[in-house]
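Shown next, in structure tokens, is the structure this report addresses.
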Amino acid sequence: MKTMLNWAVRNRLCTENPIGMVESLPKRKVRNRRALTDEEMESLLAASKPEEALIWRTFLSTAMRRGELASLKWRDVDFENGMINLKLENVKTYCSRSVPITQGLLADLLSLKNGSRSEYVFVNSAGSPWRDNLLLKHLRRCLKRAGISSDGVDLHAFLYTTATHMIRNGADVKTVQDFIGHKTIRMTLEVYAQVFPHGKRKALDYLPAALK
């Protein structure tokens, strides 16, 4: 509103900005998240109970947000085509998308479905969809058992880990953007910018011989 009124003053639509002296709200601090290493992912899965490990694997394999995973229903899993269809109402970015899943995860989800009585894919011991705080508590417990520092690691760090490993292993940023559901490629580049410093020196390999 302050920006709009400043524009109005500049264009002589009003004489002054009545809220010009109002201070802006403090910017939200950006959480420092980090990507889990290959070794840490293996240790985490090994230290988790089977039902917990399947949840972590799903996060890491699909780059789903916590709300997307908690609200996932069996009708959203396309076993025939190996896809998970994330519906508009359950997606943080308000943009529906379909995520391919690995054969291993597909088989584990099918096994889970055969013993499930709920319409939701992932439920707790009470048969209810998982709440964020309870999932986070389980994650921290598993991290501790695996001997992994929880510094910079929360449920959203799984998405960060997926995108980081995809980019480092050669996936183009546009593909990663579509996979994780960012609205713009700029969001992907800004959030995962720390991936690229490691590749700066490697970029020297693309210089002509005369400059090496």
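Scheme for the structure tokens: letters A, B, ... for chains in order shown; per-chain residue numbers from 1; ligand numbers from 1 in order shown.
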
Within 8 Å of Leu136 in chain A, counting only C-alpha atoms, which residues show up once you throw out same-chain ones fewer than 3 positions away? Write them as a short mmCIF file (atom, residue, chain, number, x, y, z; two decimals) with C-alpha atoms, in the first residue's frame, please.
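Contents of result.cif, freshly written:
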```
data_model
loop_
_atom_site.label_atom_id
_atom_site.label_comp_id
_atom_site.auth_asym_id
_atom_site.auth_seq_id
_atom_site.Cartn_x
_atom_site.Cartn_y
_atom_site.Cartn_z
CA ASP A 132 3.56 -31.55 10.76
CA ASN A 133 4.79 -31.30 14.35
CA LEU A 139 12.40 -37.05 11.99
CA ARG A 140 14.51 -35.55 14.77
CA ASP A 154 13.71 -30.25 8.80
CA LEU A 155 10.91 -31.70 6.66
#
```

Distance table requested - range 64-169 of chain A against range 43-59 of chain A, cut-off 6 Å, only C-alpha atoms: one row per qualifying residue with the closest atom pair and its distance in Å to one decimal, ordered by chain and rising residue number, as CSV.
```
residue,atom,partner,partner_atom,distance
A:Met64,CA,A:Phe59,CA,5.6
A:Cys142,CA,A:Ser48,CA,5.6
A:Arg145,CA,A:Ala47,CA,6.0
A:Ala146,CA,A:Ala47,CA,5.3
A:Phe158,CA,A:Phe59,CA,6.0
```

Selected residues written out with C-alpha atoms, as a PDB file, in the first residue's frame:
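Listing of again_16.pdb after writing:
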```pdb
ATOM      1  CA  MET A  64       6.636 -33.254  -2.062  1.00  0.00           C
ATOM      2  CA  CYS A 142      15.552 -40.744  13.585  1.00  0.00           C
ATOM      3  CA  ARG A 145      19.578 -42.432  16.150  1.00  0.00           C
ATOM      4  CA  ALA A 146      21.495 -42.140  12.882  1.00  0.00           C
ATOM      5  CA  PHE A 158      14.047 -33.164   2.042  1.00  0.00           C
TER       6      PHE A 158
END
```

request  = Rounded to one decimal place, report the CA of Val173 in chain A-CA of Asp76 in chain A distance in Å.
outcome  =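 So the answer is 26.2 Å.
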
key: Selection: 8 Å around range 78-80 of chain A, only C-alpha atoms, excl. self and same-chain fewer than 4 positions, as a list in words   =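 Final neighbour list, sorted by chain and number: Ile84, Asn85, Leu106 and Leu110 of chain A.
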
task = Determine which residues of range 11-176 of chain A receive a DSSP assignment of strand (DSSP E), computed from the backbone, and state them as a list in words.
result = Val77, Asp78, Met83, Ile84, Asn85, Leu86, Arg97, Ser98, Val99 and Pro100 of chain A

task = Name the residues in contact with Ser118 in chain A at a cut-off of 8 Å, using only C-alpha atoms, excluding same-chain residues fewer than 3 positions from it; report them as a list in words.
result =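 Listed by chain and then number, they are Val121, Val123 and Gly127 of chain A.
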
task = Find the residues around Met1 in chain A up to 9 Å (only C-alpha atoms counted), leave out those fewer than 4 positions away in its own chain, and share them as number ranges by chain.
result = A: 5-6, 19

Store the residues picked out above in a file with N, CA and C atoms, as a PDB file, in the first residue's frame.
```pdb
ATOM      1  N   LEU A   5       0.781   4.231  -2.802  1.00  0.00           N
ATOM      2  CA  LEU A   5       0.533   5.638  -2.490  1.00  0.00           C
ATOM      3  C   LEU A   5       1.711   6.522  -2.885  1.00  0.00           C
ATOM      4  N   ASN A   6       2.932   5.996  -2.767  1.00  0.00           N
ATOM      5  CA  ASN A   6       4.096   6.754  -3.239  1.00  0.00           C
ATOM      6  C   ASN A   6       3.996   7.005  -4.740  1.00  0.00           C
ATOM      7  N   ILE A  19       0.611   7.110   4.959  1.00  0.00           N
ATOM      8  CA  ILE A  19       1.285   6.050   5.713  1.00  0.00           C
ATOM      9  C   ILE A  19       2.775   6.009   5.380  1.00  0.00           C
TER      10      ILE A  19
END
```

request  = Take CA of Ala163 in chain A and CA of Lys87 in chain A and report the distance between them in Å, one decimal.
outcome  =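 These atoms are spaced 20.9 Å apart.
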